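Data file: run.txt. Format and content: compact mmCIF, N, CA and C atoms.
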```
# COMPACT_ATOMS: atom_id res chain seq x y z
N VAL O 1 102.92 117.86 113.43
CA VAL O 1 102.84 116.44 113.77
C VAL O 1 102.46 116.30 115.23
N GLN O 2 101.47 115.45 115.49
CA GLN O 2 101.09 115.16 116.87
C GLN O 2 101.11 113.66 117.09
N LEU O 3 101.66 113.27 118.24
CA LEU O 3 101.79 111.86 118.59
C LEU O 3 101.14 111.67 119.96
N GLN O 4 99.94 111.10 119.98
CA GLN O 4 99.17 110.98 121.21
C GLN O 4 99.19 109.53 121.69
N ALA O 5 100.06 109.22 122.62
CA ALA O 5 100.12 107.87 123.17
C ALA O 5 99.14 107.73 124.33
N SER O 6 98.53 106.57 124.44
CA SER O 6 97.58 106.31 125.53
C SER O 6 97.56 104.82 125.83
N GLY O 7 96.86 104.47 126.89
CA GLY O 7 96.69 103.06 127.24
C GLY O 7 97.57 102.57 128.37
N GLY O 8 98.43 103.42 128.88
CA GLY O 8 99.27 103.00 129.98
C GLY O 8 98.49 102.83 131.27
N GLY O 9 99.16 102.39 132.29
CA GLY O 9 98.51 102.20 133.58
C GLY O 9 99.42 101.46 134.52
N SER O 10 98.83 101.04 135.64
CA SER O 10 99.56 100.28 136.66
C SER O 10 99.06 98.85 136.66
N VAL O 11 99.96 97.92 136.52
CA VAL O 11 99.59 96.50 136.52
C VAL O 11 100.61 95.72 137.35
N GLN O 12 100.22 94.52 137.73
CA GLN O 12 101.15 93.64 138.42
C GLN O 12 101.98 92.87 137.40
N ALA O 13 103.12 92.42 137.84
CA ALA O 13 103.97 91.62 136.97
C ALA O 13 103.18 90.43 136.43
N GLY O 14 103.38 90.19 135.14
CA GLY O 14 102.63 89.13 134.47
C GLY O 14 101.39 89.61 133.76
N GLY O 15 101.00 90.86 134.03
CA GLY O 15 99.81 91.42 133.41
C GLY O 15 100.05 91.91 132.00
N SER O 16 99.01 92.49 131.42
CA SER O 16 99.07 92.95 130.03
C SER O 16 98.50 94.37 129.92
N LEU O 17 98.99 95.06 128.93
CA LEU O 17 98.46 96.38 128.56
C LEU O 17 98.56 96.51 127.04
N ARG O 18 97.68 97.33 126.49
CA ARG O 18 97.75 97.64 125.06
C ARG O 18 97.85 99.14 124.89
N LEU O 19 98.94 99.58 124.34
CA LEU O 19 99.14 100.99 124.10
C LEU O 19 98.67 101.36 122.69
N SER O 20 98.18 102.57 122.58
CA SER O 20 97.76 103.11 121.28
C SER O 20 98.44 104.45 121.07
N CYS O 21 98.63 104.80 119.83
CA CYS O 21 99.21 106.10 119.51
C CYS O 21 98.55 106.64 118.25
N GLU O 22 97.83 107.73 118.41
CA GLU O 22 97.22 108.38 117.26
C GLU O 22 98.22 109.37 116.67
N VAL O 23 98.42 109.22 115.39
CA VAL O 23 99.40 110.06 114.69
C VAL O 23 98.66 111.02 113.78
N SER O 24 98.88 112.28 113.96
CA SER O 24 98.31 113.27 113.06
C SER O 24 99.43 113.94 112.27
N GLY O 25 99.09 114.36 111.09
CA GLY O 25 100.13 114.88 110.21
C GLY O 25 100.57 113.80 109.25
N ARG O 26 101.04 114.18 108.13
CA ARG O 26 101.32 113.19 107.07
C ARG O 26 102.80 112.88 106.92
N ILE O 27 103.55 113.14 107.97
CA ILE O 27 104.99 112.87 107.86
C ILE O 27 105.28 111.39 108.01
N PHE O 28 104.52 110.73 108.90
CA PHE O 28 104.85 109.35 109.22
C PHE O 28 104.09 108.35 108.34
N SER O 29 104.80 107.34 107.94
CA SER O 29 104.17 106.18 107.33
C SER O 29 104.12 105.09 108.38
N MET O 30 103.04 104.33 108.40
CA MET O 30 102.94 103.24 109.36
C MET O 30 103.96 102.15 109.09
N ASN O 31 104.65 102.21 107.98
CA ASN O 31 105.70 101.24 107.69
C ASN O 31 107.04 101.62 108.33
N HIS O 32 107.08 102.77 109.00
CA HIS O 32 108.32 103.23 109.62
C HIS O 32 108.03 103.90 110.96
N MET O 33 107.46 103.12 111.87
CA MET O 33 107.08 103.65 113.17
C MET O 33 107.76 102.89 114.29
N GLY O 34 107.82 103.50 115.46
CA GLY O 34 108.44 102.82 116.58
C GLY O 34 107.83 103.21 117.91
N TRP O 35 107.94 102.31 118.86
CA TRP O 35 107.63 102.58 120.27
C TRP O 35 108.95 102.70 121.02
N TRP O 36 109.06 103.75 121.78
CA TRP O 36 110.24 104.02 122.58
C TRP O 36 109.82 104.12 124.05
N ARG O 37 110.78 104.00 124.95
CA ARG O 37 110.45 104.16 126.36
C ARG O 37 111.63 104.79 127.08
N GLN O 38 111.29 105.43 128.18
CA GLN O 38 112.32 106.03 129.02
C GLN O 38 111.97 105.80 130.47
N ALA O 39 112.84 105.08 131.15
CA ALA O 39 112.69 104.83 132.58
C ALA O 39 113.42 105.92 133.35
N PRO O 40 113.02 106.16 134.61
CA PRO O 40 113.69 107.20 135.40
C PRO O 40 115.20 106.99 135.47
N GLY O 41 115.93 108.04 135.16
CA GLY O 41 117.38 107.97 135.25
C GLY O 41 118.06 107.25 134.12
N LYS O 42 117.28 106.83 133.13
CA LYS O 42 117.86 106.09 132.00
C LYS O 42 117.60 106.82 130.69
N GLN O 43 118.38 106.46 129.69
CA GLN O 43 118.17 107.05 128.37
C GLN O 43 116.96 106.44 127.68
N ARG O 44 116.39 107.20 126.78
CA ARG O 44 115.28 106.70 125.99
C ARG O 44 115.80 105.58 125.09
N GLU O 45 115.01 104.52 124.98
CA GLU O 45 115.42 103.38 124.16
C GLU O 45 114.29 102.90 123.27
N LEU O 46 114.68 102.31 122.17
CA LEU O 46 113.70 101.76 121.24
C LEU O 46 113.22 100.41 121.77
N VAL O 47 111.92 100.24 121.82
CA VAL O 47 111.33 98.99 122.29
C VAL O 47 110.97 98.09 121.11
N ALA O 48 110.29 98.67 120.15
CA ALA O 48 109.83 97.90 118.99
C ALA O 48 109.64 98.86 117.84
N SER O 49 109.77 98.35 116.64
CA SER O 49 109.57 99.20 115.48
C SER O 49 109.00 98.40 114.32
N ILE O 50 108.37 99.13 113.44
CA ILE O 50 107.98 98.58 112.15
C ILE O 50 108.86 99.29 111.13
N THR O 51 109.69 98.54 110.47
CA THR O 51 110.60 99.11 109.48
C THR O 51 110.37 98.41 108.15
N ASN O 52 110.06 99.20 107.16
CA ASN O 52 109.71 98.64 105.85
C ASN O 52 108.61 97.58 105.99
N GLY O 53 107.71 97.82 106.93
CA GLY O 53 106.58 96.93 107.11
C GLY O 53 106.84 95.72 107.99
N SER O 54 108.09 95.49 108.43
CA SER O 54 108.42 94.33 109.24
C SER O 54 108.67 94.74 110.70
N PRO O 55 108.19 93.93 111.66
CA PRO O 55 108.39 94.26 113.06
C PRO O 55 109.78 93.87 113.56
N HIS O 56 110.28 94.67 114.47
CA HIS O 56 111.56 94.39 115.11
C HIS O 56 111.42 94.71 116.59
N TYR O 57 112.11 93.96 117.44
CA TYR O 57 111.98 94.12 118.88
C TYR O 57 113.36 94.09 119.55
N ARG O 58 113.45 94.84 120.64
CA ARG O 58 114.66 94.68 121.44
C ARG O 58 114.59 93.33 122.12
N ASP O 59 115.74 92.76 122.43
CA ASP O 59 115.79 91.39 122.94
C ASP O 59 114.94 91.19 124.18
N SER O 60 114.91 92.18 125.06
CA SER O 60 114.24 92.01 126.35
C SER O 60 112.72 91.91 126.24
N VAL O 61 112.16 92.26 125.09
CA VAL O 61 110.69 92.19 124.96
C VAL O 61 110.25 91.19 123.90
N LYS O 62 111.19 90.54 123.25
CA LYS O 62 110.83 89.56 122.23
C LYS O 62 109.97 88.45 122.83
N GLY O 63 108.91 88.12 122.14
CA GLY O 63 108.01 87.08 122.60
C GLY O 63 106.95 87.57 123.58
N ARG O 64 107.10 88.81 124.04
CA ARG O 64 106.12 89.36 125.00
C ARG O 64 105.35 90.54 124.41
N PHE O 65 105.99 91.33 123.58
CA PHE O 65 105.37 92.53 122.99
C PHE O 65 105.09 92.30 121.52
N ALA O 66 104.06 92.97 121.02
CA ALA O 66 103.74 92.91 119.59
C ALA O 66 103.35 94.30 119.11
N ILE O 67 104.02 94.77 118.07
CA ILE O 67 103.73 96.08 117.49
C ILE O 67 102.89 95.90 116.23
N SER O 68 101.95 96.80 116.04
CA SER O 68 101.13 96.76 114.84
C SER O 68 100.66 98.17 114.51
N GLY O 69 100.22 98.35 113.29
CA GLY O 69 99.76 99.65 112.88
C GLY O 69 98.52 99.55 112.01
N ASP O 70 97.67 100.54 112.10
CA ASP O 70 96.47 100.62 111.28
C ASP O 70 96.56 101.90 110.47
N SER O 71 96.90 101.77 109.20
CA SER O 71 97.09 102.95 108.37
C SER O 71 95.80 103.72 108.16
N ALA O 72 94.68 103.02 108.10
CA ALA O 72 93.39 103.68 107.89
C ALA O 72 93.05 104.59 109.07
N LYS O 73 93.48 104.19 110.27
CA LYS O 73 93.19 104.97 111.46
C LYS O 73 94.38 105.83 111.90
N ASN O 74 95.49 105.71 111.17
CA ASN O 74 96.72 106.42 111.58
C ASN O 74 97.05 106.15 113.04
N THR O 75 96.95 104.91 113.43
CA THR O 75 97.16 104.53 114.82
C THR O 75 98.16 103.39 114.91
N LEU O 76 99.07 103.53 115.85
CA LEU O 76 100.08 102.52 116.14
C LEU O 76 99.73 101.86 117.47
N TYR O 77 99.96 100.56 117.56
CA TYR O 77 99.64 99.82 118.78
C TYR O 77 100.86 99.07 119.30
N LEU O 78 100.82 98.82 120.60
CA LEU O 78 101.82 97.95 121.22
C LEU O 78 101.11 97.08 122.24
N GLN O 79 100.98 95.81 121.93
CA GLN O 79 100.42 94.85 122.87
C GLN O 79 101.55 94.35 123.75
N MET O 80 101.39 94.50 125.04
CA MET O 80 102.43 94.10 125.98
C MET O 80 101.89 93.03 126.91
N ASN O 81 102.45 91.87 126.85
CA ASN O 81 102.05 90.75 127.69
C ASN O 81 103.20 90.35 128.62
N SER O 82 102.87 89.59 129.64
CA SER O 82 103.88 89.09 130.59
C SER O 82 104.79 90.22 131.05
N LEU O 83 104.17 91.30 131.46
CA LEU O 83 104.94 92.48 131.84
C LEU O 83 105.83 92.21 133.05
N LYS O 84 106.99 92.86 133.04
CA LYS O 84 107.96 92.72 134.11
C LYS O 84 108.19 94.09 134.75
N THR O 85 108.71 94.08 135.97
CA THR O 85 108.95 95.36 136.64
C THR O 85 109.91 96.24 135.84
N GLU O 86 110.82 95.63 135.13
CA GLU O 86 111.78 96.41 134.34
C GLU O 86 111.17 97.04 133.09
N ASP O 87 109.91 96.75 132.83
CA ASP O 87 109.20 97.41 131.72
C ASP O 87 108.63 98.76 132.15
N THR O 88 108.72 99.07 133.44
CA THR O 88 108.21 100.34 133.95
C THR O 88 108.94 101.50 133.28
N ALA O 89 108.18 102.40 132.67
CA ALA O 89 108.76 103.53 131.93
C ALA O 89 107.62 104.37 131.36
N VAL O 90 107.98 105.52 130.83
CA VAL O 90 107.06 106.28 130.00
C VAL O 90 107.28 105.83 128.56
N TYR O 91 106.21 105.47 127.90
CA TYR O 91 106.27 104.96 126.53
C TYR O 91 105.82 106.03 125.55
N TYR O 92 106.58 106.16 124.47
CA TYR O 92 106.32 107.15 123.43
C TYR O 92 106.28 106.46 122.07
N CYS O 93 105.52 107.04 121.17
CA CYS O 93 105.61 106.59 119.79
C CYS O 93 106.29 107.69 118.97
N ASN O 94 106.91 107.27 117.91
CA ASN O 94 107.62 108.18 117.01
C ASN O 94 107.99 107.36 115.79
N GLY O 95 108.81 107.90 114.93
CA GLY O 95 109.28 107.11 113.80
C GLY O 95 110.20 106.00 114.25
N ASP O 96 110.54 105.11 113.33
CA ASP O 96 111.56 104.11 113.61
C ASP O 96 112.93 104.82 113.62
N PRO O 97 114.01 104.16 113.98
CA PRO O 97 115.29 104.86 114.13
C PRO O 97 115.72 105.67 112.91
N ALA O 98 115.33 105.27 111.72
CA ALA O 98 115.73 106.03 110.53
C ALA O 98 114.81 107.21 110.27
N HIS O 99 113.68 107.28 110.97
CA HIS O 99 112.68 108.31 110.69
C HIS O 99 112.24 109.08 111.93
N VAL O 100 112.89 108.86 113.04
CA VAL O 100 112.45 109.49 114.29
C VAL O 100 112.63 111.01 114.21
N LEU O 101 111.65 111.71 114.76
CA LEU O 101 111.70 113.16 114.88
C LEU O 101 112.09 113.46 116.32
N TRP O 102 113.35 113.80 116.55
CA TRP O 102 113.87 113.92 117.91
C TRP O 102 113.23 115.05 118.69
N ASN O 103 112.60 116.00 118.05
CA ASN O 103 111.97 117.11 118.76
C ASN O 103 110.46 116.96 118.87
N HIS O 104 109.94 115.79 118.52
CA HIS O 104 108.48 115.57 118.53
C HIS O 104 108.18 114.26 119.25
N TRP O 105 108.03 114.31 120.58
CA TRP O 105 107.78 113.10 121.34
C TRP O 105 106.37 113.01 121.92
N GLY O 106 105.67 114.07 122.02
CA GLY O 106 104.37 114.01 122.68
C GLY O 106 104.55 113.77 124.17
N HIS O 107 103.47 113.52 124.87
CA HIS O 107 103.51 113.38 126.33
C HIS O 107 103.84 111.96 126.77
N GLY O 108 103.68 111.00 125.92
CA GLY O 108 103.93 109.62 126.32
C GLY O 108 102.84 109.10 127.23
N THR O 109 102.94 107.84 127.58
CA THR O 109 102.00 107.22 128.50
C THR O 109 102.77 106.38 129.51
N GLN O 110 102.42 106.53 130.77
CA GLN O 110 103.16 105.88 131.86
C GLN O 110 102.73 104.42 132.01
N VAL O 111 103.70 103.55 132.06
CA VAL O 111 103.45 102.14 132.37
C VAL O 111 104.21 101.81 133.64
N THR O 112 103.48 101.32 134.64
CA THR O 112 104.09 100.96 135.91
C THR O 112 103.75 99.51 136.21
N VAL O 113 104.78 98.70 136.38
CA VAL O 113 104.60 97.28 136.67
C VAL O 113 105.14 97.00 138.06
N SER O 114 104.29 96.47 138.92
CA SER O 114 104.69 96.19 140.29
C SER O 114 104.83 94.68 140.51
N SER O 115 105.68 94.34 141.46
CA SER O 115 105.91 92.91 141.73
C SER O 115 104.92 92.35 142.71
```

Would you write the structure of this file as structure tokens?
Amino acid sequence: VQLQASGGGSVQAGGSLRLSCEVSGRIFSMNHMGWWRQAPGKQRELVASITNGSPHYRDSVKGRFAISGDSAKNTLYLQMNSLKTEDTAVYYCNGDPAHVLWNHWGHGTQVTVSS
């Protein structure tokens, strides 16, 4: 299984980024995927997930982030709008909480939001 996240970068607060994650291997279904993030000195946390085909978001990103998946391309996306400095972290894709592979995170993609 390979999870290749990309699309991160440095933006100012209020800006937008779109993350992509190419998934190789047939373990994951796009109906059970998630975006996770880890900020320096903090534990990894779930940002958004697709579970049984329905999107779910942590409270701090509701209304700003949108998760989607393209099964034909085996690619997961995260549209991030109205970014805040507290969104700064390395972002990873993996399964949703019921399907996450704890030993398969890939390199992630860095998102840095400045004020």

Per DSSP on the backbone, what are the helix (DSSP H, G or I) residues of chain O, as a count of residues only?
6

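In this comparison, which uses all atoms listed in the file, the residue of O:Asn94, O:Gln43, O:Ser49, O:Gln12 approaching Thr112 (chain O) most closely is O:Gln12.
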
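Here atom C of Gly69 (chain O) stands at a distance of 25.7 Å from atom C of Val11 (chain O).
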
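Between Trp105 (chain O) and the candidates O:Met33, O:Val47, O:Ala39, O:Leu3, the tightest atom-to-atom separation, counting all atoms listed in the file, involves O:Leu3.
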
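Proximity to His107 (chain O) was assessed for O:Met30, O:Cys21, O:Ser82, O:Ala13 counting only C-alpha atoms; the smallest distance is recorded for O:Cys21.
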
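You will find atom N of Ser16 (chain O) at 29.0 Å from atom C of Leu101 (chain O).
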
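Proximity of O:Arg18, O:Phe28, O:Thr85, O:His99 to Ser68 (chain O), computed with only C-alpha atoms, is greatest for O:Arg18.
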
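Remark: for Glu86 (chain O), the closest of the candidate residues O:Ser71, O:Gln38, O:Asn31, O:Asn103 is O:Gln38 (distances computed over only C-alpha atoms).
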
Pick the closest to Leu76 (chain O) from O:Gly14, O:Gly34, O:Gly106, O:Gly7: which is it, counting only C-alpha atoms?
O:Gly34

Test item, strand (DSSP E) assignment across chain O, answer as a count of residues only
60

Using only C-alpha atoms, list the residues that have an atom at most 10 Å from (100.2, 94.1, 119.4), coordinates as in the file, as a ChimeraX atom specification.
/O:17-20,64-69,76-81

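Here atom N of Ser10 (chain O) and atom C of Pro55 (chain O) stand 25.7 Å from one another.
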
Report as number ranges by chain all protein, DNA and RNA residues lying within 6 Å of His32 (chain O), evaluated on all atoms listed in the file, omitting residues in the same chain fewer than 2 positions from it.
O: 29-30, 34, 50-53, 94-96

Report as lines of an AutoDock Vina configuration file the centre and the edge lengths, in Å to one decimal, of the axis-aligned box holding every listed atom of region 97-102 of chain O, padded by 6 Å on each side.
```
center_x = 113.7
center_y = 109.6
center_z = 114.5
size_x = 16.1
size_y = 22.9
size_z = 20.4
```

Neighbouring residues of Gly8 (chain O) were defined as those with any atom within 5 Å, considering all atoms listed in the file; residues of the same chain fewer than 2 positions away were excluded. Please report them as a PDB file with N, CA and C atoms, in the frame of the given file.
```
ATOM      1  N   SER O   6      98.530 106.570 124.440  1.00  0.00           N
ATOM      2  CA  SER O   6      97.580 106.310 125.530  1.00  0.00           C
ATOM      3  C   SER O   6      97.560 104.820 125.830  1.00  0.00           C
ATOM      4  N   SER O  10      98.830 101.040 135.640  1.00  0.00           N
ATOM      5  CA  SER O  10      99.560 100.280 136.660  1.00  0.00           C
ATOM      6  C   SER O  10      99.060  98.850 136.660  1.00  0.00           C
ATOM      7  N   THR O 109     102.940 107.840 127.580  1.00  0.00           N
ATOM      8  CA  THR O 109     102.000 107.220 128.500  1.00  0.00           C
ATOM      9  C   THR O 109     102.770 106.380 129.510  1.00  0.00           C
ATOM     10  N   GLN O 110     102.420 106.530 130.770  1.00  0.00           N
ATOM     11  CA  GLN O 110     103.160 105.880 131.860  1.00  0.00           C
ATOM     12  C   GLN O 110     102.730 104.420 132.010  1.00  0.00           C
ATOM     13  N   VAL O 111     103.700 103.550 132.060  1.00  0.00           N
ATOM     14  CA  VAL O 111     103.450 102.140 132.370  1.00  0.00           C
ATOM     15  C   VAL O 111     104.210 101.810 133.640  1.00  0.00           C
TER      16      VAL O 111
END
```

Mind checking which residues fall within 7 Å of Gln2 (chain O), counting only C-alpha atoms, ignoring those fewer than 4 positions away in the same chain, and posting them as a ChimeraX atom specification?
/O:23-25,106

Completed region 53-64 of chain O (all heavy atoms) as a PDB file, in the coordinates of the input:
```pdb
ATOM      1  N   GLY O  53     107.710  97.820 106.930  1.00  0.00           N
ATOM      2  CA  GLY O  53     106.580  96.930 107.110  1.00  0.00           C
ATOM      3  C   GLY O  53     106.840  95.720 107.990  1.00  0.00           C
ATOM      4  O   GLY O  53     105.916  94.972 108.290  1.00  0.00           O
ATOM      5  N   SER O  54     108.090  95.490 108.430  1.00  0.00           N
ATOM      6  CA  SER O  54     108.420  94.330 109.240  1.00  0.00           C
ATOM      7  C   SER O  54     108.670  94.740 110.700  1.00  0.00           C
ATOM      8  O   SER O  54     109.307  95.756 110.948  1.00  0.00           O
ATOM      9  CB  SER O  54     109.660  93.632 108.700  1.00  0.00           C
ATOM     10  OG  SER O  54     109.423  93.131 107.401  1.00  0.00           O
ATOM     11  N   PRO O  55     108.190  93.930 111.660  1.00  0.00           N
ATOM     12  CA  PRO O  55     108.390  94.260 113.060  1.00  0.00           C
ATOM     13  C   PRO O  55     109.780  93.870 113.560  1.00  0.00           C
ATOM     14  O   PRO O  55     110.343  92.868 113.120  1.00  0.00           O
ATOM     15  CB  PRO O  55     107.311  93.435 113.767  1.00  0.00           C
ATOM     16  CG  PRO O  55     107.119  92.246 112.888  1.00  0.00           C
ATOM     17  CD  PRO O  55     107.329  92.739 111.487  1.00  0.00           C
ATOM     18  N   HIS O  56     110.280  94.670 114.470  1.00  0.00           N
ATOM     19  CA  HIS O  56     111.560  94.390 115.110  1.00  0.00           C
ATOM     20  C   HIS O  56     111.420  94.710 116.590  1.00  0.00           C
ATOM     21  O   HIS O  56     110.694  95.638 116.955  1.00  0.00           O
ATOM     22  CB  HIS O  56     112.673  95.257 114.497  1.00  0.00           C
ATOM     23  CG  HIS O  56     112.863  95.028 113.033  1.00  0.00           C
ATOM     24  ND1 HIS O  56     113.675  94.049 112.522  1.00  0.00           N
ATOM     25  CD2 HIS O  56     112.306  95.654 111.960  1.00  0.00           C
ATOM     26  CE1 HIS O  56     113.633  94.081 111.202  1.00  0.00           C
ATOM     27  NE2 HIS O  56     112.805  95.044 110.830  1.00  0.00           N
ATOM     28  N   TYR O  57     112.110  93.960 117.440  1.00  0.00           N
ATOM     29  CA  TYR O  57     111.980  94.120 118.880  1.00  0.00           C
ATOM     30  C   TYR O  57     113.360  94.090 119.550  1.00  0.00           C
ATOM     31  O   TYR O  57     114.259  93.369 119.102  1.00  0.00           O
ATOM     32  CB  TYR O  57     111.129  92.990 119.469  1.00  0.00           C
ATOM     33  CG  TYR O  57     109.748  92.895 118.858  1.00  0.00           C
ATOM     34  CD1 TYR O  57     109.492  92.047 117.796  1.00  0.00           C
ATOM     35  CD2 TYR O  57     108.701  93.683 119.342  1.00  0.00           C
ATOM     36  CE1 TYR O  57     108.230  91.971 117.222  1.00  0.00           C
ATOM     37  CE2 TYR O  57     107.430  93.612 118.784  1.00  0.00           C
ATOM     38  CZ  TYR O  57     107.209  92.761 117.718  1.00  0.00           C
ATOM     39  OH  TYR O  57     105.956  92.699 117.149  1.00  0.00           O
ATOM     40  N   ARG O  58     113.450  94.840 120.640  1.00  0.00           N
ATOM     41  CA  ARG O  58     114.660  94.680 121.440  1.00  0.00           C
ATOM     42  C   ARG O  58     114.590  93.330 122.120  1.00  0.00           C
ATOM     43  O   ARG O  58     113.506  92.793 122.381  1.00  0.00           O
ATOM     44  CB  ARG O  58     114.835  95.823 122.417  1.00  0.00           C
ATOM     45  CG  ARG O  58     113.866  95.898 123.551  1.00  0.00           C
ATOM     46  CD  ARG O  58     114.156  97.132 124.434  1.00  0.00           C
ATOM     47  NE  ARG O  58     115.514  97.148 124.942  1.00  0.00           N
ATOM     48  CZ  ARG O  58     116.436  98.012 124.518  1.00  0.00           C
ATOM     49  NH1 ARG O  58     116.145  98.893 123.576  1.00  0.00           N
ATOM     50  NH2 ARG O  58     117.654  97.990 125.031  1.00  0.00           N
ATOM     51  N   ASP O  59     115.740  92.760 122.430  1.00  0.00           N
ATOM     52  CA  ASP O  59     115.790  91.390 122.940  1.00  0.00           C
ATOM     53  C   ASP O  59     114.940  91.190 124.180  1.00  0.00           C
ATOM     54  O   ASP O  59     114.293  90.147 124.361  1.00  0.00           O
ATOM     55  CB  ASP O  59     117.235  90.972 123.235  1.00  0.00           C
ATOM     56  CG  ASP O  59     118.041  90.726 121.965  1.00  0.00           C
ATOM     57  OD1 ASP O  59     117.426  90.599 120.880  1.00  0.00           O
ATOM     58  OD2 ASP O  59     119.276  90.662 122.057  1.00  0.00           O
ATOM     59  N   SER O  60     114.910  92.180 125.060  1.00  0.00           N
ATOM     60  CA  SER O  60     114.240  92.010 126.350  1.00  0.00           C
ATOM     61  C   SER O  60     112.720  91.910 126.240  1.00  0.00           C
ATOM     62  O   SER O  60     112.061  91.512 127.211  1.00  0.00           O
ATOM     63  CB  SER O  60     114.615  93.150 127.298  1.00  0.00           C
ATOM     64  OG  SER O  60     114.198  94.395 126.763  1.00  0.00           O
ATOM     65  N   VAL O  61     112.160  92.260 125.090  1.00  0.00           N
ATOM     66  CA  VAL O  61     110.690  92.190 124.960  1.00  0.00           C
ATOM     67  C   VAL O  61     110.250  91.190 123.900  1.00  0.00           C
ATOM     68  O   VAL O  61     109.044  90.989 123.714  1.00  0.00           O
ATOM     69  CB  VAL O  61     110.092  93.583 124.627  1.00  0.00           C
ATOM     70  CG1 VAL O  61     110.544  94.625 125.639  1.00  0.00           C
ATOM     71  CG2 VAL O  61     110.410  94.014 123.212  1.00  0.00           C
ATOM     72  N   LYS O  62     111.190  90.540 123.250  1.00  0.00           N
ATOM     73  CA  LYS O  62     110.830  89.560 122.230  1.00  0.00           C
ATOM     74  C   LYS O  62     109.970  88.450 122.830  1.00  0.00           C
ATOM     75  O   LYS O  62     110.267  87.948 123.916  1.00  0.00           O
ATOM     76  CB  LYS O  62     112.089  88.962 121.602  1.00  0.00           C
ATOM     77  CG  LYS O  62     112.764  89.852 120.583  1.00  0.00           C
ATOM     78  CD  LYS O  62     113.991  89.184 119.995  1.00  0.00           C
ATOM     79  CE  LYS O  62     114.678  90.100 118.989  1.00  0.00           C
ATOM     80  NZ  LYS O  62     115.917  89.499 118.450  1.00  0.00           N
ATOM     81  N   GLY O  63     108.910  88.120 122.140  1.00  0.00           N
ATOM     82  CA  GLY O  63     108.010  87.080 122.600  1.00  0.00           C
ATOM     83  C   GLY O  63     106.950  87.570 123.580  1.00  0.00           C
ATOM     84  O   GLY O  63     106.028  86.831 123.913  1.00  0.00           O
ATOM     85  N   ARG O  64     107.100  88.810 124.040  1.00  0.00           N
ATOM     86  CA  ARG O  64     106.120  89.360 125.000  1.00  0.00           C
ATOM     87  C   ARG O  64     105.350  90.540 124.410  1.00  0.00           C
ATOM     88  O   ARG O  64     104.196  90.746 124.742  1.00  0.00           O
ATOM     89  CB  ARG O  64     106.851  89.826 126.267  1.00  0.00           C
ATOM     90  CG  ARG O  64     107.593  88.729 126.983  1.00  0.00           C
ATOM     91  CD  ARG O  64     108.103  89.201 128.347  1.00  0.00           C
ATOM     92  NE  ARG O  64     109.074  90.274 128.251  1.00  0.00           N
ATOM     93  CZ  ARG O  64     108.901  91.483 128.810  1.00  0.00           C
ATOM     94  NH1 ARG O  64     107.803  91.765 129.489  1.00  0.00           N
ATOM     95  NH2 ARG O  64     109.852  92.410 128.693  1.00  0.00           N
TER      96      ARG O  64
END
```
